[in-house]
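Some notes on the structure that comes next.
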2 protein chains.
Amino acid sequence: MKLGRLNHIGVATPSIADSVAYYCEVMGASDITEPFDLPEQGVKVCFVNTPTDSGLNGTQIELIEPFDESSPINGFLAKNPAGGQHHVCYEVADIEKAREHFESLGKRILGPTRTGAHGTPIFFLHPKDMMGQLTEIMETPKEGSH
Amino acid sequence: MKLGRLNHIGVATPSIADSVAYYCEVMGASDITEPFDLPEQGVKVCFVNTPTDSGLNGTQIELIEPFDESSPINGFLAKNPAGGQHHVCYEVADIEKAREHFESLGKRILGPTRTGAHGTPIFFLHPKDMMGQLTEIMETPKEGSH
């Protein structure tokens, strides 16, 4: 496998509204997507777009807020009430090949391959097998926005 | 202030050698810089370069290992023995203006402005004032590599 683009870092927050205000007022962000629900993953989501030399196409900040009481990020927020860095997400060209790669290395994959926040297939890997980082692998969107 | 490039995410590790092997063998990285000591900050450092459409110029993974027993990241590793996401670093055009900006908002700055791993001035902001994220602000290198 070849290292793919660092698509986003996932940042858990108790309040997307507070985080959006923070990224605008404190960090100077100018492009934040509208929040939407991802009930399958138990989160509400939006993206802060960051700049590169050629536009606002850098690694995104994915803000995630619990969707309900059964959200998988409630445990993280109980330990980190202000929120914080939750996961990293790398792109791959072919999700099935990537899944086989990590399986062949004995890495624990957390659940089935499913559709992620960018509408492409994703899966997560156990942080204990990934140098302490909860790691999301996503298939690169076929065209247009990341 | 305008949101700058997400220069790197800092990932603490008990062993840069183990992390380099992990990024090469598990994640497929092809470009990792030589580790060097940054005793002023109490860490050994190297960078994993990640791809974009135009080269290996994406947001970097900064691997940091304790330099000695007084390293500021020893506490983090005591809580996270396998390592993990430690900080985020955004670029700014002018470090002094950025410092004034965060000071005017009452954000706690951790120590003086000093020289960071890329050879430009940096400072850190308290995670409790930054939505749970230890945040590094660095002046963009004047030319060439990030």
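All residue names refer to the structure tokens as shown: chains lettered A, B, ... in order, residues numbered from 1 in each chain, ligands numbered from 1 in order.
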- Query: Any idea what's packed within 12 Å of segment 49-53 of chain B, counting only C-alpha atoms, ignoring anything in its chain fewer than 6 positions away? Could you give it as a ChimeraX atom specification?
  - Reply: /A:2-7,52-54,57-59,89-92,140,146 /B:7-9,20,23-24,27-34,59-63,145-146
- Message: When you look at Pro35 of chain B with a cut-off of 7 Å (counting only C-alpha atoms), what residues show up, excluding the ones that are within fewer than 6 positions of it in the same chain? I need them as a list in words.
- Response: Lys44, Val45 and Cys46 of chain B
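Counting only C-alpha atoms, the residue from A:Leu110, A:Val88, A:Ile73, A:Met138 that sits nearest to chain B is A:Val88.
The spacing separating atom CA of Ala98 of chain A from atom CA of Gly10 of chain A amounts to 20.1 Å.
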Least-squares Cα fit of chain B to chain A, output as a CSV table (one decimal) with N, CA and C atoms, in the first residue's frame:
chain,number,residue,atom,x,y,z
B,1,MET,N,0.8,-1.2,0.0
B,1,MET,CA,0.0,0.0,0.0
B,1,MET,C,0.9,1.2,0.0
B,2,LYS,N,0.4,2.3,-0.7
B,2,LYS,CA,1.1,3.5,-0.8
B,2,LYS,C,0.4,4.6,0.1
B,3,LEU,N,1.1,5.3,0.9
B,3,LEU,CA,0.5,6.3,1.7
B,3,LEU,C,-0.3,7.3,0.9
B,4,GLY,N,-1.6,7.5,1.3
B,4,GLY,CA,-2.5,8.4,0.6
B,4,GLY,C,-2.5,9.7,1.2
B,5,ARG,N,-3.3,10.6,0.6
B,5,ARG,CA,-3.5,11.9,1.1
B,5,ARG,C,-4.1,11.9,2.5
B,6,LEU,N,-3.6,12.8,3.4
B,6,LEU,CA,-4.2,12.9,4.7
B,6,LEU,C,-5.5,13.8,4.5
B,7,ASN,N,-6.6,13.1,4.3
B,7,ASN,CA,-7.9,13.7,4.0
B,7,ASN,C,-8.3,14.7,5.1
B,8,HIS,N,-8.4,14.2,6.3
B,8,HIS,CA,-8.8,15.0,7.4
B,8,HIS,C,-8.3,14.5,8.7
B,9,ILE,N,-8.4,15.4,9.7
B,9,ILE,CA,-8.2,14.9,11.1
B,9,ILE,C,-9.6,15.1,11.7
B,10,GLY,N,-10.0,14.1,12.5
B,10,GLY,CA,-11.3,14.2,13.1
B,10,GLY,C,-11.1,14.8,14.5
B,11,VAL,N,-11.9,15.8,14.8
B,11,VAL,CA,-11.9,16.5,16.1
B,11,VAL,C,-13.2,16.4,16.7
B,12,ALA,N,-13.3,15.8,17.9
B,12,ALA,CA,-14.6,15.6,18.6
B,12,ALA,C,-14.8,16.9,19.3
B,13,THR,N,-16.1,17.3,19.4
B,13,THR,CA,-16.5,18.5,20.1
B,13,THR,C,-17.9,18.3,20.8
B,14,PRO,N,-18.1,18.9,21.9
B,14,PRO,CA,-19.4,18.8,22.5
B,14,PRO,C,-20.4,19.6,21.8
B,15,SER,N,-20.0,20.6,21.0
B,15,SER,CA,-20.9,21.5,20.3
B,15,SER,C,-20.3,21.9,18.9
B,16,ILE,N,-20.8,21.5,17.8
B,16,ILE,CA,-20.4,21.9,16.5
B,16,ILE,C,-20.6,23.4,16.4
B,17,ALA,N,-21.6,23.9,16.9
B,17,ALA,CA,-21.9,25.4,16.9
B,17,ALA,C,-20.8,26.2,17.5
B,18,ASP,N,-20.4,25.7,18.7
B,18,ASP,CA,-19.3,26.4,19.4
B,18,ASP,C,-18.0,26.3,18.7
B,19,SER,N,-17.7,25.1,18.1
B,19,SER,CA,-16.5,24.9,17.3
B,19,SER,C,-16.5,25.7,16.1
B,20,VAL,N,-17.6,25.8,15.4
B,20,VAL,CA,-17.6,26.7,14.2
B,20,VAL,C,-17.3,28.1,14.6
B,21,ALA,N,-17.9,28.6,15.7
B,21,ALA,CA,-17.5,30.0,16.1
B,21,ALA,C,-16.1,30.1,16.4
B,22,TYR,N,-15.5,29.1,17.1
B,22,TYR,CA,-14.1,29.0,17.4
B,22,TYR,C,-13.2,29.1,16.2
B,23,TYR,N,-13.5,28.2,15.2
B,23,TYR,CA,-12.6,28.2,14.0
B,23,TYR,C,-12.8,29.5,13.2
B,24,CYS,N,-13.9,30.1,13.2
B,24,CYS,CA,-14.1,31.4,12.5
B,24,CYS,C,-13.4,32.5,13.3
B,25,GLU,N,-13.7,32.7,14.6
B,25,GLU,CA,-13.3,33.9,15.3
B,25,GLU,C,-11.9,33.8,15.9
B,26,VAL,N,-11.5,32.6,16.3
B,26,VAL,CA,-10.2,32.5,16.9
B,26,VAL,C,-9.1,32.1,15.8
B,27,MET,N,-9.5,31.2,15.0
B,27,MET,CA,-8.5,30.6,14.0
B,27,MET,C,-8.6,31.3,12.6
B,28,GLY,N,-9.7,32.0,12.4
B,28,GLY,CA,-9.8,32.8,11.1
B,28,GLY,C,-10.2,31.9,9.9
B,29,ALA,N,-10.9,30.9,10.2
B,29,ALA,CA,-11.4,30.0,9.0
B,29,ALA,C,-12.5,30.8,8.3
B,30,SER,N,-12.5,30.6,6.9
B,30,SER,CA,-13.5,31.3,6.1
B,30,SER,C,-14.4,30.4,5.4
B,31,ASP,N,-14.1,29.1,5.5
B,31,ASP,CA,-14.9,28.1,4.7
B,31,ASP,C,-15.2,26.9,5.5
B,32,ILE,N,-16.4,26.8,6.1
B,32,ILE,CA,-16.8,25.7,6.9
B,32,ILE,C,-18.1,25.2,6.3
B,33,THR,N,-18.2,23.9,6.1
B,33,THR,CA,-19.4,23.3,5.4
B,33,THR,C,-20.6,23.3,6.4
B,34,GLU,N,-21.8,23.2,5.9
B,34,GLU,CA,-23.0,23.0,6.7
B,34,GLU,C,-23.0,21.7,7.4
B,35,PRO,N,-23.3,21.7,8.7
B,35,PRO,CA,-23.3,20.5,9.5
B,35,PRO,C,-24.5,19.6,9.0
B,36,PHE,N,-24.2,18.2,9.0
B,36,PHE,CA,-25.3,17.3,8.7
B,36,PHE,C,-25.1,16.1,9.6
B,37,ASP,N,-26.2,15.3,9.6
B,37,ASP,CA,-26.3,14.1,10.5
B,37,ASP,C,-25.7,12.9,9.8
B,38,LEU,N,-25.0,12.1,10.5
B,38,LEU,CA,-24.5,10.8,10.0
B,38,LEU,C,-25.0,9.8,11.1
B,39,PRO,N,-26.3,9.5,11.1
B,39,PRO,CA,-26.8,8.7,12.2
B,39,PRO,C,-26.2,7.3,12.2
B,40,GLU,N,-25.8,6.8,11.1
B,40,GLU,CA,-25.2,5.4,11.0
B,40,GLU,C,-23.9,5.4,11.8
B,41,GLN,N,-23.2,6.5,11.9
B,41,GLN,CA,-21.9,6.6,12.6
B,41,GLN,C,-22.1,7.2,14.0
B,42,GLY,N,-23.4,7.7,14.3
B,42,GLY,CA,-23.6,8.3,15.6
B,42,GLY,C,-23.1,9.7,15.8
B,43,VAL,N,-22.9,10.4,14.7
B,43,VAL,CA,-22.3,11.7,14.8
B,43,VAL,C,-23.0,12.8,13.9
B,44,LYS,N,-22.9,14.0,14.3
B,44,LYS,CA,-23.2,15.1,13.4
B,44,LYS,C,-21.8,15.6,12.9
B,45,VAL,N,-21.8,16.1,11.7
B,45,VAL,CA,-20.5,16.3,11.1
B,45,VAL,C,-20.5,17.7,10.3
B,46,CYS,N,-19.3,18.4,10.3
B,46,CYS,CA,-19.1,19.4,9.3
B,46,CYS,C,-17.6,19.5,9.1
B,47,PHE,N,-17.2,20.2,8.1
B,47,PHE,CA,-15.7,20.2,7.7
B,47,PHE,C,-15.3,21.7,7.7
B,48,VAL,N,-14.1,21.9,8.3
B,48,VAL,CA,-13.4,23.2,8.1
B,48,VAL,C,-12.4,23.0,7.0
B,49,ASN,N,-12.5,23.8,6.0
B,49,ASN,CA,-11.5,23.7,4.9
B,49,ASN,C,-10.3,24.5,5.1
B,50,THR,N,-9.1,23.9,4.9
B,50,THR,CA,-7.9,24.7,5.2
B,50,THR,C,-7.1,24.9,3.9
B,51,PRO,N,-6.3,26.0,3.9
B,51,PRO,CA,-5.7,26.4,2.6
B,51,PRO,C,-4.4,25.7,2.3
B,52,THR,N,-4.2,25.6,1.0
B,52,THR,CA,-2.8,25.3,0.4
B,52,THR,C,-2.4,26.4,-0.5
B,53,ASP,N,-1.3,26.2,-1.2
B,53,ASP,CA,-0.9,27.3,-2.1
B,53,ASP,C,-2.0,27.4,-3.3
B,54,SER,N,-2.8,26.4,-3.5
B,54,SER,CA,-3.7,26.4,-4.7
B,54,SER,C,-5.1,26.5,-4.3
B,55,GLY,N,-5.5,26.8,-3.1
B,55,GLY,CA,-6.9,26.9,-2.7
B,55,GLY,C,-7.2,26.4,-1.3
B,56,LEU,N,-8.5,26.2,-1.1
B,56,LEU,CA,-8.9,25.7,0.2
B,56,LEU,C,-9.1,24.2,0.2
B,57,ASN,N,-8.0,23.5,-0.3
B,57,ASN,CA,-8.1,22.1,-0.6
B,57,ASN,C,-7.1,21.3,0.3
B,58,GLY,N,-6.7,21.9,1.4
B,58,GLY,CA,-5.8,21.2,2.3
B,58,GLY,C,-6.5,20.1,3.1
B,59,THR,N,-5.8,19.5,4.0
B,59,THR,CA,-6.3,18.5,4.9
B,59,THR,C,-7.4,19.2,5.7
B,60,GLN,N,-8.6,18.6,5.8
B,60,GLN,CA,-9.7,19.2,6.5
B,60,GLN,C,-9.7,18.9,8.0
B,61,ILE,N,-10.4,19.7,8.7
B,61,ILE,CA,-10.7,19.4,10.1
B,61,ILE,C,-12.2,18.9,10.1
B,62,GLU,N,-12.4,17.7,10.4
B,62,GLU,CA,-13.7,17.1,10.5
B,62,GLU,C,-14.2,17.3,12.0
B,63,LEU,N,-15.2,18.2,12.1
B,63,LEU,CA,-15.8,18.3,13.5
B,63,LEU,C,-16.9,17.3,13.7
B,64,ILE,N,-16.8,16.6,14.8
B,64,ILE,CA,-17.8,15.6,15.0
B,64,ILE,C,-18.4,15.8,16.4
B,65,GLU,N,-19.8,15.8,16.5
B,65,GLU,CA,-20.5,16.0,17.7
B,65,GLU,C,-21.4,14.7,17.9
B,66,PRO,N,-21.6,14.3,19.1
B,66,PRO,CA,-22.5,13.1,19.3
B,66,PRO,C,-23.9,13.3,18.7
B,67,PHE,N,-24.4,12.3,18.0
B,67,PHE,CA,-25.7,12.4,17.4
B,67,PHE,C,-26.8,12.1,18.5
B,68,ASP,N,-26.4,11.1,19.3
B,68,ASP,CA,-27.4,10.8,20.4
B,68,ASP,C,-26.6,10.1,21.6
B,69,GLU,N,-27.3,9.6,22.5
B,69,GLU,CA,-26.7,9.0,23.7
B,69,GLU,C,-25.9,7.8,23.4
B,70,SER,N,-26.1,7.2,22.3
B,70,SER,CA,-25.4,5.9,22.0
B,70,SER,C,-24.2,6.2,21.1
B,71,SER,N,-23.8,7.5,20.9
B,71,SER,CA,-22.7,7.8,20.0
B,71,SER,C,-21.4,7.2,20.4
B,72,PRO,N,-20.7,6.7,19.5
B,72,PRO,CA,-19.3,6.1,19.8
B,72,PRO,C,-18.3,7.1,20.3
B,73,ILE,N,-18.6,8.4,20.2
B,73,ILE,CA,-17.7,9.4,20.6
B,73,ILE,C,-18.0,10.0,22.0
B,74,ASN,N,-19.1,9.5,22.6
B,74,ASN,CA,-19.5,9.9,24.0
B,74,ASN,C,-18.4,9.6,25.0
B,75,GLY,N,-17.8,8.4,24.8
B,75,GLY,CA,-16.7,8.0,25.8
B,75,GLY,C,-15.5,8.9,25.7
B,76,PHE,N,-15.2,9.3,24.5
B,76,PHE,CA,-14.0,10.2,24.3
B,76,PHE,C,-14.4,11.6,24.9
B,77,LEU,N,-15.6,12.1,24.7
B,77,LEU,CA,-15.9,13.4,25.3
B,77,LEU,C,-16.1,13.3,26.8
B,78,ALA,N,-16.4,12.1,27.4
B,78,ALA,CA,-16.4,12.0,28.8
B,78,ALA,C,-15.0,12.2,29.4
B,79,LYS,N,-14.0,11.7,28.7
B,79,LYS,CA,-12.6,11.9,29.1
B,79,LYS,C,-12.1,13.2,28.7
B,80,ASN,N,-12.6,13.8,27.7
B,80,ASN,CA,-12.1,15.1,27.1
B,80,ASN,C,-13.3,16.0,26.9
B,81,PRO,N,-13.8,16.6,28.0
B,81,PRO,CA,-15.0,17.4,27.9
B,81,PRO,C,-15.0,18.6,27.0
B,82,ALA,N,-13.8,19.1,26.7
B,82,ALA,CA,-13.7,20.2,25.8
B,82,ALA,C,-13.5,19.8,24.4
B,83,GLY,N,-13.5,18.4,24.2
B,83,GLY,CA,-13.2,17.9,22.8
B,83,GLY,C,-11.7,17.7,22.6
B,84,GLY,N,-11.4,17.4,21.4
B,84,GLY,CA,-10.0,17.2,21.0
B,84,GLY,C,-9.8,16.3,19.8
B,85,GLN,N,-8.5,16.1,19.5
B,85,GLN,CA,-8.2,15.3,18.3
B,85,GLN,C,-8.7,13.8,18.5
B,86,HIS,N,-9.5,13.3,17.6
B,86,HIS,CA,-10.1,12.0,17.8
B,86,HIS,C,-9.6,10.9,16.8
B,87,HIS,N,-9.4,11.3,15.6
B,87,HIS,CA,-8.9,10.3,14.6
B,87,HIS,C,-8.2,11.0,13.5
B,88,VAL,N,-7.4,10.2,12.7
B,88,VAL,CA,-6.8,10.7,11.4
B,88,VAL,C,-7.4,9.9,10.3
B,89,CYS,N,-7.5,10.5,9.1
B,89,CYS,CA,-8.1,9.8,8.0
B,89,CYS,C,-7.3,9.9,6.7
B,90,TYR,N,-6.8,8.8,6.2
B,90,TYR,CA,-6.0,8.7,5.0
B,90,TYR,C,-6.8,8.2,3.8
B,91,GLU,N,-6.6,8.7,2.6
B,91,GLU,CA,-7.3,8.2,1.4
B,91,GLU,C,-6.5,7.0,0.8
B,92,VAL,N,-7.3,6.1,0.2
B,92,VAL,CA,-6.7,5.1,-0.6
B,92,VAL,C,-7.5,5.0,-1.9
B,93,ALA,N,-6.8,4.4,-2.9
B,93,ALA,CA,-7.5,4.3,-4.2
B,93,ALA,C,-8.5,3.2,-4.2
B,94,ASP,N,-8.3,2.2,-3.5
B,94,ASP,CA,-9.2,1.0,-3.5
B,94,ASP,C,-9.4,0.5,-2.1
B,95,ILE,N,-10.6,0.7,-1.6
B,95,ILE,CA,-10.9,0.4,-0.2
B,95,ILE,C,-10.8,-1.1,0.1
B,96,GLU,N,-11.2,-2.0,-0.9
B,96,GLU,CA,-11.1,-3.4,-0.6
B,96,GLU,C,-9.7,-3.9,-0.6
B,97,LYS,N,-8.8,-3.4,-1.4
B,97,LYS,CA,-7.4,-3.8,-1.4
B,97,LYS,C,-6.8,-3.3,-0.1
B,98,ALA,N,-7.2,-2.1,0.4
B,98,ALA,CA,-6.6,-1.6,1.6
B,98,ALA,C,-7.1,-2.4,2.8
B,99,ARG,N,-8.3,-2.9,2.8
B,99,ARG,CA,-8.8,-3.7,3.8
B,99,ARG,C,-8.0,-5.0,3.9
B,100,GLU,N,-7.8,-5.6,2.7
B,100,GLU,CA,-7.0,-6.8,2.6
B,100,GLU,C,-5.6,-6.6,3.2
B,101,HIS,N,-5.0,-5.5,2.8
B,101,HIS,CA,-3.7,-5.1,3.3
B,101,HIS,C,-3.6,-5.1,4.8
B,102,PHE,N,-4.5,-4.4,5.5
B,102,PHE,CA,-4.5,-4.3,6.9
B,102,PHE,C,-4.8,-5.6,7.6
B,103,GLU,N,-5.7,-6.3,7.0
B,103,GLU,CA,-6.1,-7.7,7.5
B,103,GLU,C,-4.9,-8.6,7.5
B,104,SER,N,-4.1,-8.5,6.4
B,104,SER,CA,-2.9,-9.4,6.2
B,104,SER,C,-1.9,-9.1,7.2
B,105,LEU,N,-1.9,-7.9,7.8
B,105,LEU,CA,-0.9,-7.5,8.8
B,105,LEU,C,-1.5,-7.7,10.2
B,106,GLY,N,-2.7,-8.3,10.3
B,106,GLY,CA,-3.2,-8.6,11.6
B,106,GLY,C,-3.8,-7.4,12.3
B,107,LYS,N,-4.0,-6.3,11.6
B,107,LYS,CA,-4.6,-5.1,12.2
B,107,LYS,C,-6.1,-5.3,12.4
B,108,ARG,N,-6.6,-4.9,13.6
B,108,ARG,CA,-8.0,-5.0,13.9
B,108,ARG,C,-8.8,-3.9,13.2
B,109,ILE,N,-9.8,-4.4,12.4
B,109,ILE,CA,-10.7,-3.4,11.7
B,109,ILE,C,-12.0,-3.4,12.5
B,110,LEU,N,-12.4,-2.2,12.7
B,110,LEU,CA,-13.6,-1.9,13.6
B,110,LEU,C,-14.9,-1.9,12.7
B,111,GLY,N,-15.5,-3.1,12.6
B,111,GLY,CA,-16.7,-3.2,11.8
B,111,GLY,C,-16.6,-3.3,10.3
B,112,PRO,N,-17.7,-3.3,9.7
B,112,PRO,CA,-17.7,-3.5,8.2
B,112,PRO,C,-17.3,-2.2,7.5
B,113,THR,N,-17.0,-2.3,6.2
B,113,THR,CA,-16.8,-1.2,5.4
B,113,THR,C,-18.1,-0.5,5.2
B,114,ARG,N,-18.2,0.8,5.4
B,114,ARG,CA,-19.5,1.5,5.2
B,114,ARG,C,-19.2,2.9,4.6
B,115,THR,N,-20.3,3.6,4.4
B,115,THR,CA,-20.2,4.9,3.7
B,115,THR,C,-19.9,6.0,4.7
B,116,GLY,N,-18.8,6.8,4.4
B,116,GLY,CA,-18.4,7.8,5.3
B,116,GLY,C,-19.0,9.2,5.0
B,117,ALA,N,-18.4,10.2,5.7
B,117,ALA,CA,-19.0,11.6,5.5
B,117,ALA,C,-18.8,12.2,4.2
B,118,HIS,N,-17.8,11.6,3.4
B,118,HIS,CA,-17.6,12.1,2.0
B,118,HIS,C,-18.4,11.3,1.0
B,119,GLY,N,-19.2,10.3,1.5
B,119,GLY,CA,-20.0,9.5,0.5
B,119,GLY,C,-19.2,8.4,-0.1
B,120,THR,N,-18.0,8.1,0.3
B,120,THR,CA,-17.2,7.0,-0.2
B,120,THR,C,-17.0,6.0,0.9
B,121,PRO,N,-16.6,4.7,0.5
B,121,PRO,CA,-16.5,3.7,1.5
B,121,PRO,C,-15.3,3.9,2.5
B,122,ILE,N,-15.5,3.6,3.7
B,122,ILE,CA,-14.5,3.9,4.8
B,122,ILE,C,-14.5,2.7,5.7
B,123,PHE,N,-13.4,2.5,6.5
B,123,PHE,CA,-13.4,1.7,7.7
B,123,PHE,C,-12.4,2.3,8.7
B,124,PHE,N,-12.6,1.8,9.9
B,124,PHE,CA,-11.7,2.3,11.0
B,124,PHE,C,-10.8,1.2,11.5
B,125,LEU,N,-9.6,1.5,11.9
B,125,LEU,CA,-8.6,0.6,12.5
B,125,LEU,C,-8.4,0.9,14.0
B,126,HIS,N,-8.2,-0.1,14.7
B,126,HIS,CA,-8.0,0.0,16.2
B,126,HIS,C,-6.8,0.8,16.6
B,127,PRO,N,-6.9,1.8,17.4
B,127,PRO,CA,-5.8,2.6,17.8
B,127,PRO,C,-4.6,1.8,18.4
B,128,LYS,N,-4.9,0.7,19.1
B,128,LYS,CA,-3.9,0.0,19.7
B,128,LYS,C,-3.0,-0.7,18.7
B,129,ASP,N,-3.5,-0.9,17.5
B,129,ASP,CA,-2.7,-1.5,16.4
B,129,ASP,C,-2.1,-0.5,15.5
B,130,MET,N,-2.3,0.8,15.8
B,130,MET,CA,-1.9,1.9,14.9
B,130,MET,C,-1.1,3.0,15.6
B,131,MET,N,-0.2,2.6,16.5
B,131,MET,CA,0.6,3.5,17.2
B,131,MET,C,-0.2,4.5,18.0
B,132,GLY,N,-1.3,4.1,18.5
B,132,GLY,CA,-2.1,5.0,19.4
B,132,GLY,C,-3.1,5.9,18.7
B,133,GLN,N,-3.2,5.7,17.3
B,133,GLN,CA,-4.1,6.6,16.6
B,133,GLN,C,-5.3,5.8,16.0
B,134,LEU,N,-6.5,6.2,16.4
B,134,LEU,CA,-7.7,5.7,15.7
B,134,LEU,C,-7.6,6.2,14.3
B,135,THR,N,-7.6,5.2,13.3
B,135,THR,CA,-7.2,5.6,11.9
B,135,THR,C,-8.4,5.2,11.0
B,136,GLU,N,-8.8,6.2,10.2
B,136,GLU,CA,-9.9,5.9,9.2
B,136,GLU,C,-9.2,5.8,7.9
B,137,ILE,N,-9.7,4.9,7.1
B,137,ILE,CA,-9.2,4.7,5.7
B,137,ILE,C,-10.4,5.0,4.9
B,138,MET,N,-10.3,5.9,3.9
B,138,MET,CA,-11.4,6.2,3.0
B,138,MET,C,-11.0,6.1,1.6
B,139,GLU,N,-11.9,5.7,0.7
B,139,GLU,CA,-11.6,5.7,-0.7
B,139,GLU,C,-11.7,7.1,-1.2
B,140,THR,N,-10.7,7.5,-2.0
B,140,THR,CA,-10.7,8.8,-2.6
B,140,THR,C,-12.0,9.1,-3.4
B,141,PRO,N,-12.6,10.2,-3.2
B,141,PRO,CA,-13.8,10.5,-4.1
B,141,PRO,C,-13.4,10.5,-5.6
B,142,LYS,N,-14.2,10.0,-6.4
B,142,LYS,CA,-13.9,9.8,-7.8
B,142,LYS,C,-13.6,11.1,-8.5
B,143,GLU,N,-14.3,12.2,-8.2
B,143,GLU,CA,-14.1,13.5,-8.8
B,143,GLU,C,-14.5,14.6,-7.9
B,144,GLY,N,-13.9,15.7,-8.1
B,144,GLY,CA,-14.3,16.9,-7.4
B,144,GLY,C,-13.8,17.0,-6.0
B,145,SER,N,-14.7,17.4,-5.1
B,145,SER,CA,-14.2,17.8,-3.7
B,145,SER,C,-13.7,16.7,-2.9
B,146,HIS,N,-12.8,16.9,-2.1
B,146,HIS,CA,-12.3,16.0,-1.1
B,146,HIS,C,-13.2,16.1,0.1
- Item | Which of segment 65-138 of chain A fall in helix (DSSP H, G or I), as a PyMOL selection string | chain A and resi 74-79+95-104+127-129
- Could you pull out the strand (DSSP E or B) residues of segment 41-145 of chain B from DSSP and send them as a VMD selection string? chain B and resid 43 to 48 52 55 60 to 66 84 to 92 109 to 115 121 to 125 135 to 139
